[in-house]
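Raw contents of data-v2.cif, mmCIF, N, CA and C atoms, pLDDT in the B column; chains and numbers go by the auth columns:
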data_target
#
loop_
_atom_site.group_PDB
_atom_site.id
_atom_site.type_symbol
_atom_site.label_atom_id
_atom_site.label_comp_id
_atom_site.label_asym_id
_atom_site.label_seq_id
_atom_site.Cartn_x
_atom_site.Cartn_y
_atom_site.Cartn_z
_atom_site.B_iso_or_equiv
_atom_site.auth_seq_id
_atom_site.auth_asym_id
ATOM 1 N N GLY A 1 18.428 -16.129 13.587 67.00 1 A
ATOM 2 C CA GLY A 1 17.547 -16.795 14.519 67.00 1 A
ATOM 3 C C GLY A 1 16.579 -15.829 15.149 67.00 1 A
ATOM 4 N N ASP A 2 15.825 -16.359 16.046 83.00 2 A
ATOM 5 C CA ASP A 2 14.805 -15.549 16.711 83.00 2 A
ATOM 6 C C ASP A 2 15.263 -15.030 18.073 83.00 2 A
ATOM 7 N N GLY A 3 16.514 -15.291 18.443 82.00 3 A
ATOM 8 C CA GLY A 3 17.037 -14.790 19.704 82.00 3 A
ATOM 9 C C GLY A 3 16.618 -15.582 20.922 82.00 3 A
ATOM 10 N N ALA A 4 16.078 -16.793 20.715 82.00 4 A
ATOM 11 C CA ALA A 4 15.628 -17.612 21.839 82.00 4 A
ATOM 12 C C ALA A 4 16.787 -18.288 22.567 82.00 4 A
ATOM 13 N N GLY A 5 17.960 -18.345 21.940 82.00 5 A
ATOM 14 C CA GLY A 5 19.122 -18.913 22.612 82.00 5 A
ATOM 15 C C GLY A 5 19.403 -20.370 22.297 82.00 5 A
ATOM 16 N N LYS A 6 18.838 -20.888 21.216 80.00 6 A
ATOM 17 C CA LYS A 6 19.042 -22.308 20.875 80.00 6 A
ATOM 18 C C LYS A 6 20.513 -22.613 20.616 80.00 6 A
ATOM 19 N N THR A 7 21.159 -21.790 19.817 79.00 7 A
ATOM 20 C CA THR A 7 22.570 -22.019 19.502 79.00 7 A
ATOM 21 C C THR A 7 23.425 -21.867 20.746 79.00 7 A
ATOM 22 N N THR A 8 23.135 -20.870 21.559 80.00 8 A
ATOM 23 C CA THR A 8 23.889 -20.682 22.796 80.00 8 A
ATOM 24 C C THR A 8 23.731 -21.888 23.703 80.00 8 A
ATOM 25 N N LEU A 9 22.532 -22.413 23.836 80.00 9 A
ATOM 26 C CA LEU A 9 22.304 -23.596 24.660 80.00 9 A
ATOM 27 C C LEU A 9 23.141 -24.770 24.155 80.00 9 A
ATOM 28 N N LEU A 10 23.130 -25.004 22.851 77.00 10 A
ATOM 29 C CA LEU A 10 23.921 -26.104 22.298 77.00 10 A
ATOM 30 C C LEU A 10 25.409 -25.896 22.540 77.00 10 A
ATOM 31 N N ARG A 11 25.886 -24.672 22.390 78.00 11 A
ATOM 32 C CA ARG A 11 27.306 -24.388 22.624 78.00 11 A
ATOM 33 C C ARG A 11 27.674 -24.594 24.093 78.00 11 A
ATOM 34 N N VAL A 12 26.802 -24.205 25.003 79.00 12 A
ATOM 35 C CA VAL A 12 27.051 -24.411 26.431 79.00 12 A
ATOM 36 C C VAL A 12 27.072 -25.903 26.746 79.00 12 A
ATOM 37 N N LEU A 13 26.096 -26.648 26.239 76.00 13 A
ATOM 38 C CA LEU A 13 26.035 -28.088 26.496 76.00 13 A
ATOM 39 C C LEU A 13 27.255 -28.816 25.950 76.00 13 A
ATOM 40 N N ALA A 14 27.761 -28.357 24.813 73.00 14 A
ATOM 41 C CA ALA A 14 28.922 -28.991 24.198 73.00 14 A
ATOM 42 C C ALA A 14 30.232 -28.511 24.812 73.00 14 A
ATOM 43 N N GLY A 15 30.156 -27.539 25.733 73.00 15 A
ATOM 44 C CA GLY A 15 31.364 -27.036 26.376 73.00 15 A
ATOM 45 C C GLY A 15 32.128 -26.033 25.537 73.00 15 A
ATOM 46 N N LEU A 16 31.499 -25.483 24.521 76.00 16 A
ATOM 47 C CA LEU A 16 32.168 -24.527 23.646 76.00 16 A
ATOM 48 C C LEU A 16 31.954 -23.091 24.070 76.00 16 A
ATOM 49 N N ASP A 17 30.982 -22.828 24.914 78.00 17 A
ATOM 50 C CA ASP A 17 30.736 -21.483 25.432 78.00 17 A
ATOM 51 C C ASP A 17 31.071 -21.519 26.909 78.00 17 A
ATOM 52 N N LEU A 18 32.320 -21.188 27.219 77.00 18 A
ATOM 53 C CA LEU A 18 32.785 -21.294 28.594 77.00 18 A
ATOM 54 C C LEU A 18 32.476 -20.050 29.410 77.00 18 A
ATOM 55 N N GLY A 19 31.881 -19.028 28.787 75.00 19 A
ATOM 56 C CA GLY A 19 31.566 -17.802 29.494 75.00 19 A
ATOM 57 C C GLY A 19 30.194 -17.808 30.145 75.00 19 A
ATOM 58 N N ALA A 20 29.456 -18.888 29.962 68.00 20 A
ATOM 59 C CA ALA A 20 28.105 -18.964 30.526 68.00 20 A
ATOM 60 C C ALA A 20 28.170 -19.080 32.045 68.00 20 A
ATOM 61 N N GLN A 21 27.168 -18.553 32.703 78.00 21 A
ATOM 62 C CA GLN A 21 27.093 -18.653 34.153 78.00 21 A
ATOM 63 C C GLN A 21 26.124 -19.753 34.530 78.00 21 A
ATOM 64 N N GLY A 22 26.265 -20.253 35.736 78.00 22 A
ATOM 65 C CA GLY A 22 25.384 -21.315 36.211 78.00 22 A
ATOM 66 C C GLY A 22 26.021 -22.671 35.994 78.00 22 A
ATOM 67 N N ARG A 23 25.194 -23.714 36.081 77.00 23 A
ATOM 68 C CA ARG A 23 25.727 -25.056 35.889 77.00 23 A
ATOM 69 C C ARG A 23 24.693 -25.911 35.189 77.00 23 A
ATOM 70 N N ILE A 24 25.176 -26.963 34.587 75.00 24 A
ATOM 71 C CA ILE A 24 24.316 -27.911 33.888 75.00 24 A
ATOM 72 C C ILE A 24 24.510 -29.265 34.541 75.00 24 A
ATOM 73 N N VAL A 25 23.421 -29.910 34.898 76.00 25 A
ATOM 74 C CA VAL A 25 23.475 -31.232 35.511 76.00 25 A
ATOM 75 C C VAL A 25 22.832 -32.218 34.543 76.00 25 A
ATOM 76 N N LEU A 26 23.603 -33.225 34.143 73.00 26 A
ATOM 77 C CA LEU A 26 23.109 -34.236 33.217 73.00 26 A
ATOM 78 C C LEU A 26 22.953 -35.559 33.948 73.00 26 A
ATOM 79 N N PRO A 27 21.894 -36.290 33.674 74.00 27 A
ATOM 80 C CA PRO A 27 21.719 -37.588 34.325 74.00 27 A
ATOM 81 C C PRO A 27 22.637 -38.635 33.700 74.00 27 A
ATOM 82 N N GLY A 28 23.408 -39.315 34.529 74.00 28 A
ATOM 83 C CA GLY A 28 24.224 -40.425 34.053 74.00 28 A
ATOM 84 C C GLY A 28 25.433 -40.005 33.245 74.00 28 A
ATOM 85 N N PRO A 29 26.262 -41.003 32.911 72.00 29 A
ATOM 86 C CA PRO A 29 27.465 -40.721 32.132 72.00 29 A
ATOM 87 C C PRO A 29 27.127 -40.486 30.661 72.00 29 A
ATOM 88 N N GLY A 30 28.058 -39.936 29.965 69.00 30 A
ATOM 89 C CA GLY A 30 27.853 -39.702 28.539 69.00 30 A
ATOM 90 C C GLY A 30 28.384 -38.354 28.147 69.00 30 A
ATOM 91 N N GLY A 31 28.344 -38.089 26.901 67.00 31 A
ATOM 92 C CA GLY A 31 28.828 -36.818 26.401 67.00 31 A
ATOM 93 C C GLY A 31 27.812 -36.199 25.477 67.00 31 A
ATOM 94 N N ILE A 32 28.008 -34.941 25.237 67.00 32 A
ATOM 95 C CA ILE A 32 27.131 -34.209 24.338 67.00 32 A
ATOM 96 C C ILE A 32 28.010 -33.580 23.270 67.00 32 A
ATOM 97 N N GLY A 33 27.559 -33.644 22.061 64.00 33 A
ATOM 98 C CA GLY A 33 28.264 -33.009 20.961 64.00 33 A
ATOM 99 C C GLY A 33 27.265 -32.572 19.922 64.00 33 A
ATOM 100 N N PHE A 34 27.691 -31.706 19.057 62.00 34 A
ATOM 101 C CA PHE A 34 26.828 -31.289 17.960 62.00 34 A
ATOM 102 C C PHE A 34 27.696 -30.793 16.819 62.00 34 A
ATOM 103 N N VAL A 35 27.144 -30.806 15.644 65.00 35 A
ATOM 104 C CA VAL A 35 27.832 -30.294 14.465 65.00 35 A
ATOM 105 C C VAL A 35 26.988 -29.145 13.927 65.00 35 A
ATOM 106 N N PRO A 36 27.452 -27.922 14.081 66.00 36 A
ATOM 107 C CA PRO A 36 26.677 -26.788 13.598 66.00 36 A
ATOM 108 C C PRO A 36 26.586 -26.791 12.077 66.00 36 A
ATOM 109 N N SER A 37 25.524 -26.241 11.561 71.00 37 A
ATOM 110 C CA SER A 37 25.311 -26.234 10.113 71.00 37 A
ATOM 111 C C SER A 37 26.339 -25.386 9.372 71.00 37 A
ATOM 112 N N ASP A 38 26.970 -24.447 10.070 71.00 38 A
ATOM 113 C CA ASP A 38 27.970 -23.606 9.407 71.00 38 A
ATOM 114 C C ASP A 38 29.367 -24.193 9.476 71.00 38 A
ATOM 115 N N GLY A 39 29.506 -25.397 9.977 70.00 39 A
ATOM 116 C CA GLY A 39 30.808 -26.039 10.064 70.00 39 A
ATOM 117 C C GLY A 39 31.456 -25.892 11.424 70.00 39 A
ATOM 118 N N GLY A 40 31.156 -24.830 12.132 72.00 40 A
ATOM 119 C CA GLY A 40 31.638 -24.666 13.491 72.00 40 A
ATOM 120 C C GLY A 40 33.110 -24.327 13.637 72.00 40 A
ATOM 121 N N LEU A 41 33.787 -23.947 12.572 80.00 41 A
ATOM 122 C CA LEU A 41 35.193 -23.570 12.674 80.00 41 A
ATOM 123 C C LEU A 41 35.314 -22.066 12.862 80.00 41 A
ATOM 124 N N PHE A 42 36.381 -21.680 13.531 84.00 42 A
ATOM 125 C CA PHE A 42 36.674 -20.263 13.686 84.00 42 A
ATOM 126 C C PHE A 42 37.491 -19.836 12.470 84.00 42 A
ATOM 127 N N PRO A 43 36.940 -18.977 11.615 84.00 43 A
ATOM 128 C CA PRO A 43 37.609 -18.646 10.354 84.00 43 A
ATOM 129 C C PRO A 43 38.938 -17.921 10.514 84.00 43 A
ATOM 130 N N ASP A 44 39.157 -17.276 11.660 90.00 44 A
ATOM 131 C CA ASP A 44 40.415 -16.559 11.855 90.00 44 A
ATOM 132 C C ASP A 44 41.506 -17.454 12.430 90.00 44 A
ATOM 133 N N MET A 45 41.219 -18.743 12.606 87.00 45 A
ATOM 134 C CA MET A 45 42.194 -19.705 13.119 87.00 45 A
ATOM 135 C C MET A 45 42.547 -20.713 12.034 87.00 45 A
ATOM 136 N N THR A 46 43.763 -21.255 12.131 86.00 46 A
ATOM 137 C CA THR A 46 44.143 -22.339 11.234 86.00 46 A
ATOM 138 C C THR A 46 43.415 -23.609 11.659 86.00 46 A
ATOM 139 N N VAL A 47 43.502 -24.640 10.826 84.00 47 A
ATOM 140 C CA VAL A 47 42.890 -25.924 11.180 84.00 47 A
ATOM 141 C C VAL A 47 43.482 -26.427 12.486 84.00 47 A
ATOM 142 N N ARG A 48 44.804 -26.357 12.606 84.00 48 A
ATOM 143 C CA ARG A 48 45.468 -26.827 13.829 84.00 48 A
ATOM 144 C C ARG A 48 44.999 -26.026 15.047 84.00 48 A
ATOM 145 N N GLU A 49 44.878 -24.721 14.906 88.00 49 A
ATOM 146 C CA GLU A 49 44.417 -23.883 16.020 88.00 49 A
ATOM 147 C C GLU A 49 42.989 -24.229 16.417 88.00 49 A
ATOM 148 N N ASN A 50 42.130 -24.532 15.450 84.00 50 A
ATOM 149 C CA ASN A 50 40.765 -24.964 15.758 84.00 50 A
ATOM 150 C C ASN A 50 40.790 -26.265 16.553 84.00 50 A
ATOM 151 N N ILE A 51 41.631 -27.210 16.135 84.00 51 A
ATOM 152 C CA ILE A 51 41.736 -28.490 16.845 84.00 51 A
ATOM 153 C C ILE A 51 42.282 -28.275 18.248 84.00 51 A
ATOM 154 N N GLU A 52 43.307 -27.443 18.387 85.00 52 A
ATOM 155 C CA GLU A 52 43.873 -27.143 19.706 85.00 52 A
ATOM 156 C C GLU A 52 42.824 -26.524 20.628 85.00 52 A
ATOM 157 N N PHE A 53 42.005 -25.625 20.087 86.00 53 A
ATOM 158 C CA PHE A 53 40.969 -24.971 20.888 86.00 53 A
ATOM 159 C C PHE A 53 40.014 -26.005 21.476 86.00 53 A
ATOM 160 N N VAL A 54 39.531 -26.909 20.632 82.00 54 A
ATOM 161 C CA VAL A 54 38.592 -27.931 21.096 82.00 54 A
ATOM 162 C C VAL A 54 39.281 -28.884 22.068 82.00 54 A
ATOM 163 N N ALA A 55 40.512 -29.286 21.761 84.00 55 A
ATOM 164 C CA ALA A 55 41.248 -30.186 22.655 84.00 55 A
ATOM 165 C C ALA A 55 41.434 -29.545 24.028 84.00 55 A
ATOM 166 N N ASP A 56 41.781 -28.261 24.057 85.00 56 A
ATOM 167 C CA ASP A 56 41.939 -27.553 25.329 85.00 56 A
ATOM 168 C C ASP A 56 40.609 -27.439 26.066 85.00 56 A
ATOM 169 N N ALA A 57 39.536 -27.139 25.336 82.00 57 A
ATOM 170 C CA ALA A 57 38.217 -26.987 25.958 82.00 57 A
ATOM 171 C C ALA A 57 37.760 -28.277 26.625 82.00 57 A
ATOM 172 N N TYR A 58 38.133 -29.416 26.038 80.00 58 A
ATOM 173 C CA TYR A 58 37.721 -30.711 26.577 80.00 58 A
ATOM 174 C C TYR A 58 38.801 -31.371 27.419 80.00 58 A
ATOM 175 N N GLY A 59 39.925 -30.708 27.626 83.00 59 A
ATOM 176 C CA GLY A 59 40.993 -31.267 28.434 83.00 59 A
ATOM 177 C C GLY A 59 41.609 -32.520 27.827 83.00 59 A
ATOM 178 N N LEU A 60 41.712 -32.562 26.503 81.00 60 A
ATOM 179 C CA LEU A 60 42.265 -33.730 25.816 81.00 60 A
ATOM 180 C C LEU A 60 43.780 -33.603 25.732 81.00 60 A
ATOM 181 N N ALA A 61 44.462 -34.295 26.613 82.00 61 A
ATOM 182 C CA ALA A 61 45.921 -34.268 26.616 82.00 61 A
ATOM 183 C C ALA A 61 46.455 -35.365 25.701 82.00 61 A
ATOM 184 N N GLY A 62 47.604 -35.127 25.117 83.00 62 A
ATOM 185 C CA GLY A 62 48.273 -36.136 24.319 83.00 62 A
ATOM 186 C C GLY A 62 47.713 -36.349 22.931 83.00 62 A
ATOM 187 N N TRP A 63 46.933 -35.434 22.425 81.00 63 A
ATOM 188 C CA TRP A 63 46.345 -35.584 21.091 81.00 63 A
ATOM 189 C C TRP A 63 47.329 -35.205 19.990 81.00 63 A
ATOM 190 N N GLU A 64 48.395 -34.503 20.344 83.00 64 A
ATOM 191 C CA GLU A 64 49.268 -33.891 19.347 83.00 64 A
ATOM 192 C C GLU A 64 49.862 -34.892 18.353 83.00 64 A
ATOM 193 N N GLY A 65 50.377 -36.028 18.837 83.00 65 A
ATOM 194 C CA GLY A 65 51.002 -36.996 17.939 83.00 65 A
ATOM 195 C C GLY A 65 50.050 -37.511 16.879 83.00 65 A
ATOM 196 N N ARG A 66 48.912 -37.988 17.319 81.00 66 A
ATOM 197 C CA ARG A 66 47.913 -38.509 16.372 81.00 66 A
ATOM 198 C C ARG A 66 47.343 -37.373 15.528 81.00 66 A
ATOM 199 N N GLY A 67 47.135 -36.224 16.145 81.00 67 A
ATOM 200 C CA GLY A 67 46.612 -35.080 15.410 81.00 67 A
ATOM 201 C C GLY A 67 47.545 -34.646 14.292 81.00 67 A
ATOM 202 N N GLU A 68 48.840 -34.592 14.580 85.00 68 A
ATOM 203 C CA GLU A 68 49.809 -34.208 13.549 85.00 68 A
ATOM 204 C C GLU A 68 49.830 -35.221 12.414 85.00 68 A
ATOM 205 N N LEU A 69 49.736 -36.510 12.754 85.00 69 A
ATOM 206 C CA LEU A 69 49.703 -37.555 11.732 85.00 69 A
ATOM 207 C C LEU A 69 48.502 -37.360 10.805 85.00 69 A
ATOM 208 N N LEU A 70 47.328 -37.152 11.402 82.00 70 A
ATOM 209 C CA LEU A 70 46.115 -36.989 10.601 82.00 70 A
ATOM 210 C C LEU A 70 46.130 -35.694 9.791 82.00 70 A
ATOM 211 N N LEU A 71 46.643 -34.616 10.386 85.00 71 A
ATOM 212 C CA LEU A 71 46.758 -33.360 9.641 85.00 71 A
ATOM 213 C C LEU A 71 47.706 -33.530 8.456 85.00 71 A
ATOM 214 N N GLY A 72 48.792 -34.270 8.673 88.00 72 A
ATOM 215 C CA GLY A 72 49.735 -34.529 7.587 88.00 72 A
ATOM 216 C C GLY A 72 49.100 -35.320 6.460 88.00 72 A
ATOM 217 N N ARG A 73 48.339 -36.349 6.816 88.00 73 A
ATOM 218 C CA ARG A 73 47.663 -37.168 5.800 88.00 73 A
ATOM 219 C C ARG A 73 46.665 -36.351 4.991 88.00 73 A
ATOM 220 N N ALA A 74 46.065 -35.357 5.646 86.00 74 A
ATOM 221 C CA ALA A 74 45.088 -34.513 4.954 86.00 74 A
ATOM 222 C C ALA A 74 45.754 -33.349 4.216 86.00 74 A
ATOM 223 N N GLY A 75 47.076 -33.258 4.341 87.00 75 A
ATOM 224 C CA GLY A 75 47.792 -32.163 3.695 87.00 75 A
ATOM 225 C C GLY A 75 47.619 -30.839 4.398 87.00 75 A
ATOM 226 N N LEU A 76 47.334 -30.883 5.708 82.00 76 A
ATOM 227 C CA LEU A 76 47.063 -29.658 6.461 82.00 76 A
ATOM 228 C C LEU A 76 48.087 -29.392 7.555 82.00 76 A
ATOM 229 N N ALA A 77 49.166 -30.177 7.596 78.00 77 A
ATOM 230 C CA ALA A 77 50.175 -29.998 8.644 78.00 77 A
ATOM 231 C C ALA A 77 50.922 -28.691 8.421 78.00 77 A
ATOM 232 N N SER A 78 51.349 -28.103 9.528 64.00 78 A
ATOM 233 C CA SER A 78 52.076 -26.829 9.417 64.00 78 A
ATOM 234 C C SER A 78 53.525 -27.059 9.073 64.00 78 A
#
Can the structure in the file be given as structure tokens, please?
Amino acid sequence: GDGAGKTTLLRVLAGLDLGAQGRIVLPGPGGIGFVPSDGGLFPDMTVRENIEFVADAYGLAGWEGRGELLLGRAGLAS
């Protein structure tokens, strides 16, 4: 990239860059998400660890049961 911070901005808006300073104010309810062109997975983590990271970042409690079922169906369960 050109160093303008586009990817960083998207990561901050999506809640994936928790080290940013300041605050973001959005009008009205809703959520923000994005799918990076590189897939957005951390290569040094397992699929389950990637899912846990995102679930923790978004405060998603109780995902484990359904997550394990879906990972099993995809052949990715531990």
What residues in chain A get the DSSP label helix (DSSP H, G or I)? Please answer as a list in words.
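Residues meeting the helix (DSSP H, G or I) criterion: Lys6, Thr7, Thr8, Leu9, Leu10, Arg11, Val12, Leu13, Val47, Arg48, Glu49, Asn50, Ile51, Glu52, Phe53, Val54, Ala55, Asp56, Ala57, Glu64, Gly65, Arg66, Gly67, Glu68, Leu69, Leu70, Leu71, Gly72 and Arg73 of chain A.
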Residues near segment 2-8 of chain A, cut-off 8 Å, only C-alpha atoms, skip fewer than 3 positions along chain, as an NGL selection string:
:A and (11-12 or 17)
Atom N of Ala77 of chain A sits from atom CA of Arg48 of chain A at a separation of 8.0 Å
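The space between atom N of Gly15 of chain A and atom CA of Tyr58 of chain A spans 8.2 Å.
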Which residue is closest to Val54 of chain A? Choose from A:Arg73, A:Arg66, A:Leu41, A:Pro27 and count only C-alpha atoms.
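So, comparing all the options, the nearest one is A:Leu41.
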Quick check, in Å to one decimal: how far apart do atom CA of Leu16 of chain A and atom CA of Leu70 of chain A lie?
22.8 Å
